[in-house]
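Novice: Take a look at this one; I'll ask things after.
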Amino acid sequence: MLAHITVNNFAIVKSLDLELSSGMTTITGETGAGKSIAIDALGLCLGDRAEASMVRQGEEKADVSALFLLENNLNATRWLQENELVDGDECIVRRIITKEGRSRGYINGNPVPASQLKTLGQRLINIHGQHQHHHLMKSEYQLAMLDQYAGHQGLLNKTKLAYQTWRQADNALQQLIQSSQDNEAQKQLLQYQIKELTELSLAENEFSQLEDDHKRLSNSGHLASTCEQVINNLYESDDVNALQLLQSARSSLQELASIDSELASLPTMLDDAIIQVEEANNELRCYLDKIEVNPEQIRFVEERYSAVMSVARKHNVAPEELFAHHQQLLKEFESLDCSEEKLQIRADEVQLHKQSFITQAEKLSKSRLRYAKELNSKITKSMHELSMERAKFEITFITDSENHLSSLGIDTVIFQVSTNPGQPIQPIAKVASGGELSRISLAIQVITAQKADTPSLIFDEVDVGISGPTAAVVGKMLRTLGNSTQVMCVTHLPQVAGCGHQQLFVSKQTKAGKTETKMHNLDQNQRINELARLLGGSEITDSTLANAKELLVAA
């Protein structure tokens with residue numbers, strides 16, 4: 001619950017420091033005194049839009065903070081834990097706005113964006129504004145009220161997820177269809193390129209071997225003649241060859257070595273050289289014997305090599321990269337391949353996702369229908385208590401799984417009433433007067449609030465258009481709600497104000513050309529005087545004081 005709120009330099013509030021209690025707290029004051037300012041400040045603290053005009057004239061910044069007790073508020077505690085912002089059983093929320101309009105938010109001292117303040121705020125407190133009954137005429141608001149009462153958040157989440165899954169699959173299908181149409185020309189180009197490469201049928205690493213073969217065969221004559229010349233110089237020349245020269249040198253060194261032992265190792269070194277020459281000669285002879293000038297083979301390699309080079313130039317890639325290029329084109333074509341069969345498979349998947357969504361939405365519809373019947377009975381009874389003795393309330397469903405599909409399901413709900421005997425039941429907007437609409441709205445808000453997860457509720461002049469005995473009923477309804485939930489109610493009705501477990505008074509003073517709003521708790525005598533003022537206006541008489549005491553005793 002909300003335990004403490006501090007407001008500094010907000011609008012016409014200079015300084016405000018309030019301790020709040022459980023039960024029902026009523027807030028009263030003269031018209032224009034600023035009874036709703038504390039609620040506006042609290043809304044700002046919990047993520048509402050910040051504006052520079054909110055800063056008190058002449059001040060540098062506005063500062064609002066609120067202390068919430070988290071006992072039994074598992075929803076807020078879990079959120080704080082998930083976001084690593086928890087700090088014991090209390091939560092302090094703070095918002096600062098500069099006169100330039102910049103704002104900073106804090107949760108338990110940690111800087112956070114306004115979006116997180118708003119998300120947490122929805123788990124801490126529920127504010128019902130003074131114009132809430134106008135929203136009641138909107139179908140989407142009516143559906144939200146029913147869902148809040150039903151409390152089937154799990155069904156709502158599953159329906160939303162199923163809807164998103166279906167829509168994403170359908171969007172992907174539409175993109176595939178569009179892509180199929182847009183890429184037809186690209187497919188034709190790829191088909192031509194792939195056909196050419198497929199006909200070439202170049203194997204992986206084939207070009208490297210082909211390049212070696214081409215170089216060798218095109219130079220076979222030069223290889224043969226040069227090998228023969230080297231063999232002749234090394235071994236076979238009749239005039240002189242390397243082998244003869246080495247053998248002659250070895251004989252001479254052997255003779256010298258017999259004279260001087262320092263030359264003894266040289267003949268052996270030349271023996272090694274003679275062996276190397278003989279081996280080189282044998283290797284060259286074998287190689288030369290394998291050289292075969294085959295015109296057919298030369299022609300084949302020449303043609304294959306030329307074909308590969310030609311295709312590589314056409315595709316603007318290096319010939320050694322041609323195989324990889326072919327594989328890449330095949331992958332691109334596959335990605336563009338939107339055959340009828342493939343489109344049909346995707347369409348079938350979309351249909352399955354849609355049916356899954358409808359199945360989930362139908363479960364949600366059944367839950368809504370069940371709680372709608374319960375709500376019909378409770379709201380009708382509450383309307384009778386609010387001086388609409390012959391009224392009837394009914395929630396009408398329009399379930400359309402063909403044309404009305406959204407993340408909220410397949411239902412449209414219409415809140416309908418009949419306020420007088422013999423009057424047909426019709427949508428609220430067509431039947432209810434302003435006062436009736438206020439009473440119906442209040443009945444719905446009080447009943448649905450009993451099912452809300454938030455432990456604190458604020459009603460900002462929701463009793464507009466209500467007076468007399470009906471006001472007393474409203475006060476009792478809110479007090480009963482306050483027995484289980486913290487309720488704060490801004491009101492101008494003494495019958496409602498007197499039902500509060502405690503009462504705050506708002507006053508406005510002007511000093512030295514500056515206006516300031518203040519708020520403080522009233523003791524028993526002060527409450528009697530304030531209720532008397534609400535009953536009799538500016539003149540407080542013994543009669544109005546007596547009536548005020550009776551209101552407090554009755555409450």
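Ordering of the structure tokens sets the chain letters (A, B, ...); residue numbers start at 1 within each chain; ligands are numbered from 1 in the order shown.
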Taking only region 181-413 of chain A into account, list the residues labelled helix (DSSP H, G or I) by DSSP (computed from the backbone), as a ChimeraX atom specification.

Specialist: /A:181-182,184-200,206-218,220-236,242-259,261-263,266-290,295-314,319-336,340-385

Novice: Counting only C-alpha atoms, what is within 10 Å of Gln193 (chain A), bar same-chain residues fewer than 4 positions away, as a count of residues only?

Specialist: 11

Novice: What's around Asp40 (chain A) at 10 Å? Count only C-alpha atoms, leave out sequence neighbours fewer than 6 positions away in its own chain, and write the answer as number ranges by chain.

Specialist: A: 10-11, 34, 46, 48, 54

Novice: Take the residues from that selection and write them out as a compact mmCIF listing (two decimals), in the first residue's frame, keeping N, CA, C and O atoms.

Specialist:
# COMPACT_ATOMS: atom_id res chain seq x y z
N PHE A 10 5.84 21.24 -6.90
CA PHE A 10 5.03 20.68 -8.00
C PHE A 10 3.79 21.54 -8.18
O PHE A 10 2.97 21.66 -7.25
N ALA A 11 3.66 22.15 -9.36
CA ALA A 11 2.51 23.03 -9.67
C ALA A 11 2.43 24.12 -8.60
O ALA A 11 3.37 24.88 -8.43
N GLY A 34 -7.17 22.45 -5.20
CA GLY A 34 -6.11 21.54 -5.68
C GLY A 34 -6.21 20.15 -5.08
O GLY A 34 -5.19 19.53 -4.75
N LEU A 46 4.82 7.91 -10.97
CA LEU A 46 4.68 6.55 -11.49
C LEU A 46 4.68 6.50 -13.01
O LEU A 46 4.10 5.60 -13.60
N ASP A 48 3.86 9.03 -15.50
CA ASP A 48 3.08 9.87 -16.42
C ASP A 48 4.00 10.87 -17.13
O ASP A 48 5.13 11.13 -16.68
N MET A 54 4.99 21.75 -14.99
CA MET A 54 4.68 21.12 -13.70
C MET A 54 5.56 21.67 -12.57
O MET A 54 5.23 21.51 -11.40

Novice: So how many Å separate CA of Ala114 (chain A) and CA of Asn9 (chain A), to one decimal?

Specialist: 19.7 Å

Novice: Hey, what's within 8 Å of region 473-490 of chain A if we count only C-alpha atoms and toss same-chain stuff fewer than 5 positions away? As number ranges by chain, please?

Specialist: A: 1-2, 21-28, 35-36, 385-386, 446, 450, 455-461, 463, 495-501, 555

Novice: Which polymer residues have any atom within 8 Å of an atom of Leu266 (chain A), counting only C-alpha atoms, with same-chain residues fewer than 4 positions away left out, as number ranges by chain?

Specialist: A: 250, 253, 270

Novice: Choose the residue, out of A:Leu146, A:Ile127, A:Leu246, A:Ala361, that has the smallest atom-to-atom separation from Ile447 (chain A); count only C-alpha atoms.

Specialist: A:Leu146

Novice: Tell me which of A:Met309, A:Ile379, A:Ile12, A:Leu173 sits closest to Leu200 (chain A), counting only C-alpha atoms.

Specialist: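 Looking at the shortest contact to Leu200 (chain A), the residue is A:Met309.
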
Novice: Just the number, please: distance in Å from CA of Ala532 (chain A) to CA of Ser438 (chain A), one decimal.

Specialist: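 It comes out at 24.9 Å.
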
Novice: For region 84-86 of chain A, find every residue with an atom within 9 Å (counting only C-alpha atoms), except residues of its own chain fewer than 4 positions away, and show them as JSON, numbers by chain.

Specialist: {"A": [77, 78, 79, 80, 90, 91, 107, 108, 109, 110]}

Novice: Between CA of Thr359 (chain A) and CA of Glu402 (chain A), what is the spacing in Å?

Specialist: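 Going from CA of Glu402 (chain A) over to CA of Thr359 (chain A), I get 12.7 Å.
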
Novice: List the spatial neighbours of Ser335 (chain A) as a PyMOL selection string - criterion: any atom at most 12 Å away, only C-alpha atoms, same-chain residues fewer than 3 positions off excluded.

Specialist: chain A and resi 176+179-180+183+186-187+190+328-332+338-339+342

Novice: For Gln57 (chain A), which of A:Asn403, A:Lys514, A:Asn233, A:Thr419 is the closest residue, counting only C-alpha atoms?

Specialist: A:Lys514
